[in-house]
There are 2 protein chains.
Amino acid sequence: MRETDPSSTSTPLPDEELRALDAHWRAANYLAVGQIYLLDNALLREPLLPEHVKPRLLGHWGTSPGLNLVHTHVNRVVRHRDLDAICVWGPGHGGPAVLANSWLEGSYTDAYPDVTRDAEGMTRLFRQFSFPGGVPSHVAPETPGSIHEGGELGYSLAHAYGAALDNPALLVACVVGDGEAETGPLATAWHGNKFLDPVHDGAVLPILHLNGYKIANPTVLSRLPEEELDALLRGYGHDPIHVTGHDPLTVHQLMAHAMDTAVDRITAFQRAARTEGDTRRPRWPVIVLRTPKGWTGPAVVDGKPVEGTWRAHQVPLDQVRDNPEHLAQLADWLRSYRPEELFDDRGRPTPQVLACVPRGQRRMGSNPHANGGLLLHSLPVPPLEHYAVPVEKPGTTLHEPTRVLGDLLAQVMADTAERRDFRIVGPDETASNRLQAVYAATGKAWQAEVLESDEHLARDGRVMEILSEHTCQGWLEGYLLTGRHGLFSCYEAFVHIVDSMVGQHIKWLRTARRIPWRAPIASLNYLLTSHVWRQDHNGFSHQDPGFVDHVLNKSPEVVRVYFPPDANTLLAVADHVLRSRDYVNVVVAGKQPCFDWLTLEQARAHCSRGAGIWPWAGTDDGGREPDVVLACAGDVPTQEVLAAGDLLREHLPELAVRVVNVVDIARLLPAGEHPHGMPDSEFDALFTRDKPVIFAYHGYPWLIHRLAYRRAVHPSLHVRGYKESGTTTTPFDMVVRNDLDRYRLVMDVIDRVPGLSVRAAAVRQRMADTRIRHEAWIREHGTDLPEVTDWTWHG
Amino acid sequence: MRETDPSSTSTPLPDEELRALDAHWRAANYLAVGQIYLLDNALLREPLLPEHVKPRLLGHWGTSPGLNLVHTHVNRVVRHRDLDAICVWGPGHGGPAVLANSWLEGSYTDAYPDVTRDAEGMTRLFRQFSFPGGVPSHVAPETPGSIHEGGELGYSLAHAYGAALDNPALLVACVVGDGEAETGPLATAWHGNKFLDPVHDGAVLPILHLNGYKIANPTVLSRLPEEELDALLRGYGHDPIHVTGHDPLTVHQLMAHAMDTAVDRITAFQRAARTEGDTRRPRWPVIVLRTPKGWTGPAVVDGKPVEGTWRAHQVPLDQVRDNPEHLAQLADWLRSYRPEELFDDRGRPTPQVLACVPRGQRRMGSNPHANGGLLLHSLPVPPLEHYAVPVEKPGTTLHEPTRVLGDLLAQVMADTAERRDFRIVGPDETASNRLQAVYAATGKAWQAEVLESDEHLARDGRVMEILSEHTCQGWLEGYLLTGRHGLFSCYEAFVHIVDSMVGQHIKWLRTARRIPWRAPIASLNYLLTSHVWRQDHNGFSHQDPGFVDHVLNKSPEVVRVYFPPDANTLLAVADHVLRSRDYVNVVVAGKQPCFDWLTLEQARAHCSRGAGIWPWAGTDDGGREPDVVLACAGDVPTQEVLAAGDLLREHLPELAVRVVNVVDIARLLPAGEHPHGMPDSEFDALFTRDKPVIFAYHGYPWLIHRLAYRRAVHPSLHVRGYKESGTTTTPFDMVVRNDLDRYRLVMDVIDRVPGLSVRAAAVRQRMADTRIRHEAWIREHGTDLPEVTDWTWHG
C-alpha cells in the first residue's frame, strides 16, 4: 500500500492535537478489543489470565480500527466547527467501534446509566457485548447515534441520503465498506447526489473505506487501479479525496486534512447554491480511505499473516483461553494501546482522550437526528370530507381510488411546503399509479440536466422517483428514522425487490419499540397498486401479491396490512396510516376505475372495525344466521363477491347470504397473535361457527387459512385467490383463470350449502355455461363479456 | 442531441448494404407497430379502418426502434463474421421488436409453424400480441432466442455474464436500458468483467441504450454530461464507444462502425489472452447508443411532443378507433416505413430485407445457447458412498453437514474440469458455509489484482464470489439457462435479497415447461445455511427462515424445499437436486456440528420417501397407534425432538411416542396441490387422524398449518418454530426463546396427551424448572447448560 504523501496536505495538525486524536483513537481501539475479548480485568491492571477472557469469542475486529479512525476525525470537525452531524456506519459489523466511541463521549452512559464512564462501566460494556442478554455485535437500534443496523449490507448510502433530505444544516457522514460497496443497492445509491438539493437538503459525505477484504476474499473496489476507482467515483458525480496509509500519525494528518477539505468544499457548494443562486450540480467530495484490515491488531497469528488480510475479519486470536501464546499476544495487543495513558485510576478517559469529543447534542451518539422521533411533528392530514366521493347507491359509480387519494396527498404536500417533512418515493410510478395530483403542490426532485420538454422536475421537489425500489426504500427509511413522514408507492409485484430491506426495517422497529430512549417515528407506509388483477398488458411477470405474506411473517407488533375495497375506504385507511407511529403499513389498492361501495361515514366506521358485515349487500335478514357467508378482501374480490350476491339474489332468492368485507387482514388472526386479532366470539359472530364461508381474497388463498386456522368455522372455510394462473389478458379473464370470478363463487356456494332446491343445479350449470361462453368470447373479441363490463350492482 | 460525427468512423457502409440494413430495420419497426395496433389489414394493402385496429391497445413502442436497430446490426456482424452470438434484451418491454426480428429471420416460424413468414402469418403475429390467449407483450420464455424475461428490470447484464461463462466462442450482446440501469442489481452487474476469464469464457458486449426516458421521467444516466458517463463506464472497467444520432442512415453508419470496432477489440483481447498469454484484464468495449425514445414514431400527438419524450413509452396514439386524426396518424406512421418495398405480394420479407439475416443456428432466435437445455449434459455426481459418514448408533457422532457436502462438490468440480459446466456462486460465503473443499479442485474466479497473500484466487476458477446476492443469482440463472449446472450457497436470512429474482425465475420455468420447443434445463439449487438457529454472534438481523414461505407460494410444478436433518440426508438430497431439471430446489442445511442420525442407506430411503417414521427414535411399538406424534423438519428441530424423545423415554416410559421426520416439506400438501403432496391415507398413516401432533419446524410455524390444514389430524396439530424471538445468543437459548426446545416440547406433549398419570405433572414442572435454570445459567456464564451441550442421544 503506497501511502498518500503527507506533504501534499496544507494543514498539518499541531502536535498536541495530533497526539490527542491518536489518544482518542487508541482508546477506542482498546475498548473495541476489550469488548470482543474481556470478561474482567478491563483496565489490564493485573496480568491477563484465561478466566478474564470470554468463553465464546464473537465480534468483528477487522473493520473496527477504521471506523474508530473515522469517528475520531468526524468528532474533530464537529467540535472545531460546531457541526450538526451524524454518521451512518455501513460496515456496521464493527459494532465494538461505534459502542466504544459512544462510551467515550458519554452518550452511552446517558442512554444506559448503569454503564458508567469508569472502570465498572467499562467492565459492563465489555461483558455485555455479544453476550446472551447483552447487546448485539453489530451497530443496532440499541446503539446510540445509529439509524442504521449493521447486519445486512447495502443500504448505508441510501439511508444517509434519506437523512440529509430536508435537513439543510445537517452533515451526514457515511462510511461505505468495500464489501458492502459490491452490493447492488449500494452501487446505485451513489446516484443519490442527482436528487439532493444543496439549498433545502443537507450534505452527505461518503467515506469509502477500502480495507481490502470481505469475509474471505479481496474486495473488487480495493483491487482496482486507483485511476479506475477514481474514474468510477467521478462518474458517480463525486470529487474524490484519497487517504492511504498505515502509519497512524501520518494517517491522522491525512485524514484531518481530507475532512477539512471535504467540509470546506461542502460549505462552499452550499453557500453558492443558497446565497449566490448557483444551480450547477455540485461535485460533492468523497473520501477514499485505504487502511489495513484489522489495523494495529496482531500482525501474524500461528505463523499466518492476519493484519491487512481477510483473516482479521472477525476474531484474530481465537484460542485465547486455551493457547498461552494467543493469550500473550492478546495481552501485548491490548497493552500496545497504552491504556495507562488513556484512562485514569478510576477508568475514566483522560482529558487528552476527550479533547476531540463534542459536547451535548453535538456528540454523534446524542444527536437527535439519530433518534428522529424526538424531532417528529404530527402530519397535517386534511379533513377527508374534501376528498371523499359521493355514494348515493353502492356499486353504481366508479372512481380510481389512488387518484382520489392523490388529491388528499397533494394537500398534505401543500400543507408541508414550509415544514418540508413529507415525501413520496416511487420507482418512476407516481403518475402511473395515478397520484399525479401531487405535482400541483410539489415537483419531482431532480438536480441533473433539465430539458424544455420536461414536466414537474424541480430542484426542491419532494416526490422522489428513481427506477430503484432499493433506493426508494432506503431513502424513505433514512427520512423516517430522522423524524419525518412519507409514503412509498409501488407496483405490487415489484415491491418484493425490497423484501429483505423491509424485513430489516421491521426488526429495527420491533427492537426500537422496546428501547426506552428511542422515541416513536412515523410508520413506513406502502401503497401497493398496479396490482395482480390489473396487469392487463404486463402479464405474468407483473403478477405477485405475496409481499403481504412476507410482511405478515414478521413481528405482529409492527406489521399492518390493509385492503381498502374502494375510494372512500382508501381515504379512511390512508388517514390512519399517515398518522400512525412505529408500524410498517401495507395498503393494497387499485388504480383502475373501481365501484364505490361506501360513503365516507360508512367507510370510516368500517375501517375502524377492520372487518364487518355489509348488511345491504347480503340477503340474510339481520337476526338469523345466514345459509352462507361470502367474504372478501381486496377491491377486485369485493366486486366479484358483490356481483355473485346479485346473481344469488336473482337466481336463488331464498338463500340467506351474508357479505363480510375485511379491510384489516390481521383481524382474522386470534387476539393473542396480533394486536388487531379478533376474539373468537367476534369472529364467530361475523363468520358463524359452522356455515359455509366462501372467501374471495386478493392474494394467495392459503394466507387466509394461515390466519384463520384456529377458528371454529375453519373446516367450512373455502378460499379463492390468486394461484399463479397469470398471463397477459383482460381483467375478467384473470379472475376466471384463478377461479375468483362471480360465476365460480356462485358455483362454490351451490356446492357447499346443503339442502338447496333442485333449481340450484340448473343455476350452477348456467354459471358454468357462462364461464365457457366467456372463453369463446374473449378468444374472438379480445375483450370481456359485455354482461361483465356493463355490470353495476343491483342490490 | 448532438450526433456523433460520422466522418470519425473509418468504415462507412457500402451504399447497398446501408440500404439493406435500413430496409431490415424499417421492416422490424413496421412489424413492431403492427403488433401493437393491428388486428387485420396487416400489409396495409387497403385503407386503414377502425375495425382493423385492436380494441385494446397494449405494448411498449418507446424502446422498440432502438432494439430493432441493435438486432439489425448484431445480425450484420454475426453474418459477416459467422459469429456465435445471442443477445439479452434488457428493455424487454420492447417485446414487439424482438418478436419482429424473430419473425423476419424465420426462427419464429420454426418455433410456431402456424405463424408463417407471409401475410397470413404476419396477421397472426400481430393479432396474438398482448391478446388474450396470445403472447406476452414482453420478451418472455415464449420468445425464440431469449434467456431473459422483459418484465421486472435489473438483471440483464448479470444474465449476460452468466451466459458467457465457460462459453469461449460465444458473444453475448446485452442491451441495457437507461431505466434499468438505475436499478441496484444492474449498477453492480457491470463489475462482472472482473470475473470473466478471457481464456475460458466468452465475451459480453454491453450496449447501453440511452433513449432518455423511463415511464414518466428522464433517466439519470441520459442526463449526465457525456464526460461523466464516460468516466463512470471507464470506472466500471470498460472502454466506451459512443453512438449518438437520430438520422437513420447516419446512425446505421455509426452503429456498424461501433459494432465492428467492438468485435475487433474483443477478438484482439481474446487472442492476446489465449495465444499470447496476456493476463492483463481487458478493458472490454461498451457501446453507448443514444437515439430518441419512440424514434420514427409520431412526433406530435394532440399538440404534444411524443417522439423523443417519455410520452412515447407505451402506445403513442391511444384513440385510434375513435379519433379519426389518430387513425390517420397511425396510417401515415405505418406507411412511413414503405411496407410495399419490404414485403412482397404474399407478405414475405424481400431479399433486401433479409440480406443481413444470418442462417440456421446463427440466427439469434435459433441459437441453441438461448435454449440451453439442448446443450445440457448430465452432471457427473459421484457415488455418495465415498462421502457418507459412518453411523453406528444414531445421535452419538457429529459432523458438519455442509462440510461433508463440500467434499462431494469438490469431486463434481474435479470431474467437470474439462467440461467446465458446473459453477458454485455465493456472496463471499463459500468458506464460511464450509464448502471450502472445492478449492482443491478449482479456484475463485478473479481477474483483478492478485496479491501474494491471497488464497484460491484463479483466473479460471469456477467458484464465483461477489458480495452481491443479486449478481450471484443473475450469473447462475444465465449459466443455467444456457445449459449448464450450478449451486448457490447463501446465508439463509439474506437470500431474501433475491426474493424477487427467484420469483421471476420460477415464472420463467413454469412457462418454459409448457413450451414444447424449450428443452429442460438444470434446476436452480440453493443451499441455505448459516441458518436462523445458529446466528450466535450475528443475531436478529441474520435470522429469517422465510424464503421457503416465499418460494412455496409459487408454482408447485417448479418449487421443491428440503430440510435434510443430518450429513447423510444432505448428501442424498444433493444427489437428487443436482440431477434434476426445471426446478427451483431450496435445501436448508446446517454448517455447525450436527448429530448423525441415518446411515447413507437409511438416508437414501428416507429422502426418497420425503417424510417417514423413525421407528428407532420413538417408543410406539410398530403396530398400534401412538399416544403422540413428535414431528420435525430441519436439523435443529430434529435434534430437539430426539432429545425430547429421550426425556419422555426416561420420565414417562409408558407413553407411546412416534417420531416423524420430514425432509421434503411439500409432502405435507394434499396430493392435488403439489406433485409431491401426500394422499390423505398416507398422511394419516404417518401422523394419525386424531392424536396430538407436536411439530417442531425449522421456520415460521404457520407454514406447517398452511400446508396441512386440510388433514384430518389438523385440529390436533401443534407447531413450534421460529417466531421472531431473535437475538445474539447461544444455540440452545435461541430454541428456548422460541419455545422449540426439548423441555418445552415435553411440556407440550404433557399438555396435550389426555389421561396421563399424575406423575406427568411433576415431570412437567421439572421441565419448566430446567428452563428457568437455563436462564440463570446463561446470564451467569454466557454458555448453554452443560446437560444440553453434553447431550447425546440415548435411544
# chains A, B, ... in the order shown; residues from 1 in each chain; ligands from 1
$ residues_around --residues "B:Leu58" --least-positions-apart "2" --cutoff "12 Å" --atoms "only C-alpha atoms" --output "PyMOL selection string"
(chain A and resi 535-539+728-730+782) or (chain B and resi 32-38+53-56+60-61+93-96+126-132+135-138+313-319)
$ write_last_selection --atoms "N, CA and C atoms" --output "compact mmCIF listing (two decimals), in the first residue's frame"
# COMPACT_ATOMS: atom_id res chain seq x y z
N GLN A 535 -53.00 -6.32 -14.42
CA GLN A 535 -51.79 -6.22 -15.21
C GLN A 535 -52.12 -6.61 -16.63
N ASP A 536 -53.13 -5.94 -17.16
CA ASP A 536 -53.70 -6.33 -18.44
C ASP A 536 -52.64 -6.48 -19.55
N HIS A 537 -51.68 -5.58 -19.58
CA HIS A 537 -50.69 -5.69 -20.66
C HIS A 537 -49.34 -6.18 -20.18
N ASN A 538 -49.09 -6.12 -18.89
CA ASN A 538 -47.77 -6.55 -18.42
C ASN A 538 -47.70 -8.04 -18.13
N GLY A 539 -48.84 -8.61 -17.74
CA GLY A 539 -48.89 -10.05 -17.65
C GLY A 539 -48.18 -10.68 -16.46
N THR A 728 -51.00 -12.27 -19.81
CA THR A 728 -51.44 -11.01 -20.39
C THR A 728 -52.88 -11.20 -20.82
N THR A 729 -53.81 -10.63 -20.09
CA THR A 729 -55.20 -10.81 -20.50
C THR A 729 -56.09 -9.75 -19.86
N THR A 730 -57.37 -9.88 -20.09
CA THR A 730 -58.33 -8.89 -19.62
C THR A 730 -58.59 -9.06 -18.12
N GLY A 782 -61.21 -10.49 -27.80
CA GLY A 782 -60.12 -9.91 -27.02
C GLY A 782 -60.60 -8.99 -25.92
N ALA B 32 -43.28 -4.09 -35.52
CA ALA B 32 -43.49 -3.74 -34.11
C ALA B 32 -44.77 -2.91 -33.98
N VAL B 33 -44.92 -1.93 -34.83
CA VAL B 33 -46.12 -1.09 -34.77
C VAL B 33 -47.35 -1.94 -35.08
N GLY B 34 -47.21 -2.79 -36.07
CA GLY B 34 -48.34 -3.66 -36.43
C GLY B 34 -48.80 -4.52 -35.27
N GLN B 35 -47.85 -5.03 -34.50
CA GLN B 35 -48.24 -5.87 -33.36
C GLN B 35 -49.02 -5.08 -32.31
N ILE B 36 -48.61 -3.85 -32.12
CA ILE B 36 -49.30 -3.06 -31.09
C ILE B 36 -50.71 -2.69 -31.53
N TYR B 37 -50.87 -2.47 -32.85
CA TYR B 37 -52.13 -1.87 -33.30
C TYR B 37 -53.08 -2.76 -34.09
N LEU B 38 -52.55 -3.63 -34.93
CA LEU B 38 -53.41 -4.18 -35.99
C LEU B 38 -54.00 -5.54 -35.67
N VAL B 53 -58.16 -2.17 -36.24
CA VAL B 53 -57.33 -1.85 -35.08
C VAL B 53 -57.83 -2.61 -33.85
N LYS B 54 -56.93 -3.02 -33.02
CA LYS B 54 -57.30 -3.79 -31.82
C LYS B 54 -58.17 -2.95 -30.89
N PRO B 55 -59.09 -3.59 -30.22
CA PRO B 55 -59.93 -2.81 -29.30
C PRO B 55 -59.15 -2.36 -28.06
N ARG B 56 -58.18 -3.13 -27.64
CA ARG B 56 -57.34 -2.71 -26.51
C ARG B 56 -55.92 -2.55 -27.02
N HIS B 60 -45.32 -1.62 -25.70
CA HIS B 60 -44.34 -0.57 -25.45
C HIS B 60 -43.62 -0.25 -26.75
N TRP B 61 -43.98 0.89 -27.33
CA TRP B 61 -43.31 1.31 -28.56
C TRP B 61 -41.96 1.95 -28.28
N HIS B 93 -39.45 -4.90 -22.28
CA HIS B 93 -40.81 -4.47 -22.58
C HIS B 93 -40.99 -4.31 -24.07
N GLY B 94 -39.89 -4.11 -24.78
CA GLY B 94 -40.00 -3.99 -26.24
C GLY B 94 -40.16 -5.33 -26.91
N GLY B 95 -41.04 -6.14 -26.38
CA GLY B 95 -41.32 -7.44 -26.99
C GLY B 95 -41.61 -7.35 -28.48
N PRO B 96 -42.37 -6.36 -28.93
CA PRO B 96 -42.68 -6.30 -30.36
C PRO B 96 -41.43 -6.30 -31.23
N PHE B 126 -49.44 -10.29 -35.51
CA PHE B 126 -50.00 -9.04 -34.99
C PHE B 126 -51.10 -9.32 -33.97
N ARG B 127 -52.01 -10.17 -34.37
CA ARG B 127 -53.20 -10.39 -33.56
C ARG B 127 -52.87 -10.98 -32.19
N GLN B 128 -51.94 -11.93 -32.16
CA GLN B 128 -51.67 -12.66 -30.92
C GLN B 128 -50.98 -11.78 -29.87
N PHE B 129 -50.37 -10.70 -30.34
CA PHE B 129 -49.55 -9.90 -29.43
C PHE B 129 -50.41 -9.21 -28.38
N SER B 130 -50.10 -9.46 -27.12
CA SER B 130 -50.83 -8.85 -26.00
C SER B 130 -52.31 -9.10 -26.10
N PHE B 131 -52.70 -10.18 -26.75
CA PHE B 131 -54.10 -10.53 -26.92
C PHE B 131 -54.38 -11.72 -26.01
N PRO B 132 -55.57 -11.75 -25.40
CA PRO B 132 -55.86 -12.90 -24.54
C PRO B 132 -55.62 -14.22 -25.27
N VAL B 135 -49.56 -13.93 -26.96
CA VAL B 135 -48.22 -13.90 -26.36
C VAL B 135 -48.06 -12.62 -25.54
N PRO B 136 -47.18 -12.70 -24.53
CA PRO B 136 -46.97 -11.53 -23.67
C PRO B 136 -46.38 -10.36 -24.45
N SER B 137 -46.55 -9.20 -23.89
CA SER B 137 -46.03 -8.01 -24.56
C SER B 137 -44.54 -7.83 -24.33
N HIS B 138 -44.00 -8.64 -23.42
CA HIS B 138 -42.57 -8.53 -23.14
C HIS B 138 -41.82 -9.69 -23.78
N HIS B 313 -43.44 6.16 -24.43
CA HIS B 313 -43.11 4.92 -23.72
C HIS B 313 -43.98 3.73 -24.15
N GLN B 314 -45.28 3.92 -24.13
CA GLN B 314 -46.15 2.79 -24.47
C GLN B 314 -46.79 2.99 -25.84
N VAL B 315 -48.06 3.39 -25.87
CA VAL B 315 -48.83 3.47 -27.12
C VAL B 315 -48.99 4.96 -27.46
N PRO B 316 -48.26 5.46 -28.45
CA PRO B 316 -48.24 6.90 -28.69
C PRO B 316 -49.60 7.46 -29.15
N LEU B 317 -50.33 6.67 -29.94
CA LEU B 317 -51.67 7.08 -30.38
C LEU B 317 -52.64 6.13 -29.70
N ASP B 318 -53.44 6.65 -28.79
CA ASP B 318 -54.23 5.70 -28.00
C ASP B 318 -55.73 5.79 -28.24
N GLN B 319 -56.14 6.58 -29.23
CA GLN B 319 -57.59 6.69 -29.50
C GLN B 319 -57.88 6.33 -30.95
$ select_by_dssp --residues "stretch 82-258 of chain B" --states "alpha helix (DSSP H)" --output "PyMOL selection string"
chain B and resi 95-105+107-111+119-128+156-164+184-189+226-235+248-258
$ select_by_dssp --residues "stretch 268-458 of chain B" --states "strand (DSSP E)" --output "PyMOL selection string"
chain B and resi 284-290+300-301+304-305+398-399+422-426+444-445+457-458
$ residues_around --residues "A:Asp748" --least-positions-apart "4" --cutoff "8 Å" --atoms "only C-alpha atoms" --output "PyMOL selection string"
chain A and resi 694+744+752
$ write_last_selection --atoms "C-alpha atoms" --output "mmCIF file, in the first residue's frame"
data_model
loop_
_atom_site.group_PDB
_atom_site.id
_atom_site.type_symbol
_atom_site.label_atom_id
_atom_site.label_comp_id
_atom_site.auth_asym_id
_atom_site.auth_seq_id
_atom_site.Cartn_x
_atom_site.Cartn_y
_atom_site.Cartn_z
ATOM 1 C CA ILE A 694 -66.587 -18.623 0.614
ATOM 2 C CA ARG A 744 -67.348 -19.592 -9.889
ATOM 3 C CA ARG A 752 -71.300 -26.094 -0.292
#
$ residues_around --residues "A:Ala163" --least-positions-apart "5" --cutoff "7 Å" --atoms "only C-alpha atoms" --output "ChimeraX atom specification"
/A:478-479,482
$ write_last_selection --atoms "C-alpha atoms" --output "tab-separated table (two decimals), in the first residue's frame"
chain	number	residue	atom	x	y	z
A	478	GLY	CA	-33.46	7.28	6.32
A	479	TYR	CA	-36.05	10.04	6.12
A	482	THR	CA	-34.64	11.07	11.26
$ decode --residues "stretch 498-526 of chain A" --atoms "N, CA and C atoms" --output "PDB file, in the first residue's frame"
ATOM      1  N   VAL A 498     -37.763  -5.270  -2.377  1.00  0.00           N
ATOM      2  CA  VAL A 498     -37.275  -4.802  -1.070  1.00  0.00           C
ATOM      3  C   VAL A 498     -37.720  -5.702   0.075  1.00  0.00           C
ATOM      4  N   ASP A 499     -38.089  -6.941  -0.214  1.00  0.00           N
ATOM      5  CA  ASP A 499     -38.442  -7.891   0.850  1.00  0.00           C
ATOM      6  C   ASP A 499     -37.433  -7.866   1.979  1.00  0.00           C
ATOM      7  N   SER A 500     -36.197  -7.968   1.580  1.00  0.00           N
ATOM      8  CA  SER A 500     -35.162  -8.095   2.583  1.00  0.00           C
ATOM      9  C   SER A 500     -35.013  -6.801   3.375  1.00  0.00           C
ATOM     10  N   MET A 501     -35.107  -5.679   2.684  1.00  0.00           N
ATOM     11  CA  MET A 501     -34.968  -4.392   3.368  1.00  0.00           C
ATOM     12  C   MET A 501     -36.100  -4.177   4.359  1.00  0.00           C
ATOM     13  N   VAL A 502     -37.335  -4.471   3.949  1.00  0.00           N
ATOM     14  CA  VAL A 502     -38.441  -4.223   4.875  1.00  0.00           C
ATOM     15  C   VAL A 502     -38.337  -5.164   6.064  1.00  0.00           C
ATOM     16  N   GLY A 503     -37.835  -6.365   5.834  1.00  0.00           N
ATOM     17  CA  GLY A 503     -37.620  -7.282   6.953  1.00  0.00           C
ATOM     18  C   GLY A 503     -36.681  -6.671   7.981  1.00  0.00           C
ATOM     19  N   GLN A 504     -35.618  -6.059   7.497  1.00  0.00           N
ATOM     20  CA  GLN A 504     -34.671  -5.434   8.427  1.00  0.00           C
ATOM     21  C   GLN A 504     -35.297  -4.227   9.113  1.00  0.00           C
ATOM     22  N   HIS A 505     -36.096  -3.453   8.373  1.00  0.00           N
ATOM     23  CA  HIS A 505     -36.717  -2.276   8.996  1.00  0.00           C
ATOM     24  C   HIS A 505     -37.716  -2.709  10.076  1.00  0.00           C
ATOM     25  N   ILE A 506     -38.436  -3.773   9.812  1.00  0.00           N
ATOM     26  CA  ILE A 506     -39.373  -4.281  10.821  1.00  0.00           C
ATOM     27  C   ILE A 506     -38.613  -4.734  12.066  1.00  0.00           C
ATOM     28  N   LYS A 507     -37.510  -5.414  11.849  1.00  0.00           N
ATOM     29  CA  LYS A 507     -36.703  -5.833  13.005  1.00  0.00           C
ATOM     30  C   LYS A 507     -36.211  -4.599  13.769  1.00  0.00           C
ATOM     31  N   TRP A 508     -35.793  -3.586  13.019  1.00  0.00           N
ATOM     32  CA  TRP A 508     -35.362  -2.346  13.680  1.00  0.00           C
ATOM     33  C   TRP A 508     -36.491  -1.788  14.555  1.00  0.00           C
ATOM     34  N   LEU A 509     -37.690  -1.668  13.969  1.00  0.00           N
ATOM     35  CA  LEU A 509     -38.799  -1.073  14.712  1.00  0.00           C
ATOM     36  C   LEU A 509     -39.168  -1.918  15.927  1.00  0.00           C
ATOM     37  N   ARG A 510     -39.187  -3.241  15.729  1.00  0.00           N
ATOM     38  CA  ARG A 510     -39.550  -4.100  16.847  1.00  0.00           C
ATOM     39  C   ARG A 510     -38.574  -3.891  18.000  1.00  0.00           C
ATOM     40  N   THR A 511     -37.301  -3.813  17.687  1.00  0.00           N
ATOM     41  CA  THR A 511     -36.304  -3.619  18.735  1.00  0.00           C
ATOM     42  C   THR A 511     -36.401  -2.216  19.315  1.00  0.00           C
ATOM     43  N   ALA A 512     -36.538  -1.222  18.438  1.00  0.00           N
ATOM     44  CA  ALA A 512     -36.553   0.168  18.897  1.00  0.00           C
ATOM     45  C   ALA A 512     -37.723   0.432  19.837  1.00  0.00           C
ATOM     46  N   ARG A 513     -38.869  -0.228  19.567  1.00  0.00           N
ATOM     47  CA  ARG A 513     -40.040  -0.025  20.430  1.00  0.00           C
ATOM     48  C   ARG A 513     -39.757  -0.431  21.867  1.00  0.00           C
ATOM     49  N   ARG A 514     -38.803  -1.320  22.058  1.00  0.00           N
ATOM     50  CA  ARG A 514     -38.505  -1.801  23.407  1.00  0.00           C
ATOM     51  C   ARG A 514     -37.367  -1.020  24.072  1.00  0.00           C
ATOM     52  N   ILE A 515     -36.862  -0.005  23.383  1.00  0.00           N
ATOM     53  CA  ILE A 515     -35.758   0.776  23.930  1.00  0.00           C
ATOM     54  C   ILE A 515     -36.326   2.092  24.430  1.00  0.00           C
ATOM     55  N   PRO A 516     -36.286   2.297  25.746  1.00  0.00           N
ATOM     56  CA  PRO A 516     -36.999   3.454  26.300  1.00  0.00           C
ATOM     57  C   PRO A 516     -36.563   4.793  25.715  1.00  0.00           C
ATOM     58  N   TRP A 517     -35.296   4.956  25.423  1.00  0.00           N
ATOM     59  CA  TRP A 517     -34.837   6.276  24.975  1.00  0.00           C
ATOM     60  C   TRP A 517     -35.111   6.524  23.497  1.00  0.00           C
ATOM     61  N   ARG A 518     -35.563   5.514  22.760  1.00  0.00           N
ATOM     62  CA  ARG A 518     -35.888   5.732  21.339  1.00  0.00           C
ATOM     63  C   ARG A 518     -37.317   6.249  21.238  1.00  0.00           C
ATOM     64  N   ALA A 519     -37.511   7.427  20.687  1.00  0.00           N
ATOM     65  CA  ALA A 519     -38.845   7.996  20.530  1.00  0.00           C
ATOM     66  C   ALA A 519     -39.518   7.397  19.295  1.00  0.00           C
ATOM     67  N   PRO A 520     -40.831   7.221  19.336  1.00  0.00           N
ATOM     68  CA  PRO A 520     -41.533   6.631  18.175  1.00  0.00           C
ATOM     69  C   PRO A 520     -41.338   7.483  16.922  1.00  0.00           C
ATOM     70  N   ILE A 521     -41.236   6.809  15.793  1.00  0.00           N
ATOM     71  CA  ILE A 521     -41.102   7.513  14.499  1.00  0.00           C
ATOM     72  C   ILE A 521     -42.336   7.229  13.650  1.00  0.00           C
ATOM     73  N   ALA A 522     -42.471   7.981  12.583  1.00  0.00           N
ATOM     74  CA  ALA A 522     -43.594   7.764  11.671  1.00  0.00           C
ATOM     75  C   ALA A 522     -43.484   6.388  11.023  1.00  0.00           C
ATOM     76  N   SER A 523     -44.632   5.803  10.773  1.00  0.00           N
ATOM     77  CA  SER A 523     -44.660   4.484  10.154  1.00  0.00           C
ATOM     78  C   SER A 523     -44.142   4.530   8.719  1.00  0.00           C
ATOM     79  N   LEU A 524     -43.659   3.381   8.268  1.00  0.00           N
ATOM     80  CA  LEU A 524     -43.298   3.242   6.857  1.00  0.00           C
ATOM     81  C   LEU A 524     -44.551   2.763   6.127  1.00  0.00           C
ATOM     82  N   ASN A 525     -45.067   3.611   5.245  1.00  0.00           N
ATOM     83  CA  ASN A 525     -46.341   3.323   4.578  1.00  0.00           C
ATOM     84  C   ASN A 525     -46.122   2.945   3.122  1.00  0.00           C
ATOM     85  N   TYR A 526     -46.608   1.777   2.768  1.00  0.00           N
ATOM     86  CA  TYR A 526     -46.596   1.340   1.369  1.00  0.00           C
ATOM     87  C   TYR A 526     -47.975   1.504   0.763  1.00  0.00           C
TER      88      TYR A 526
END
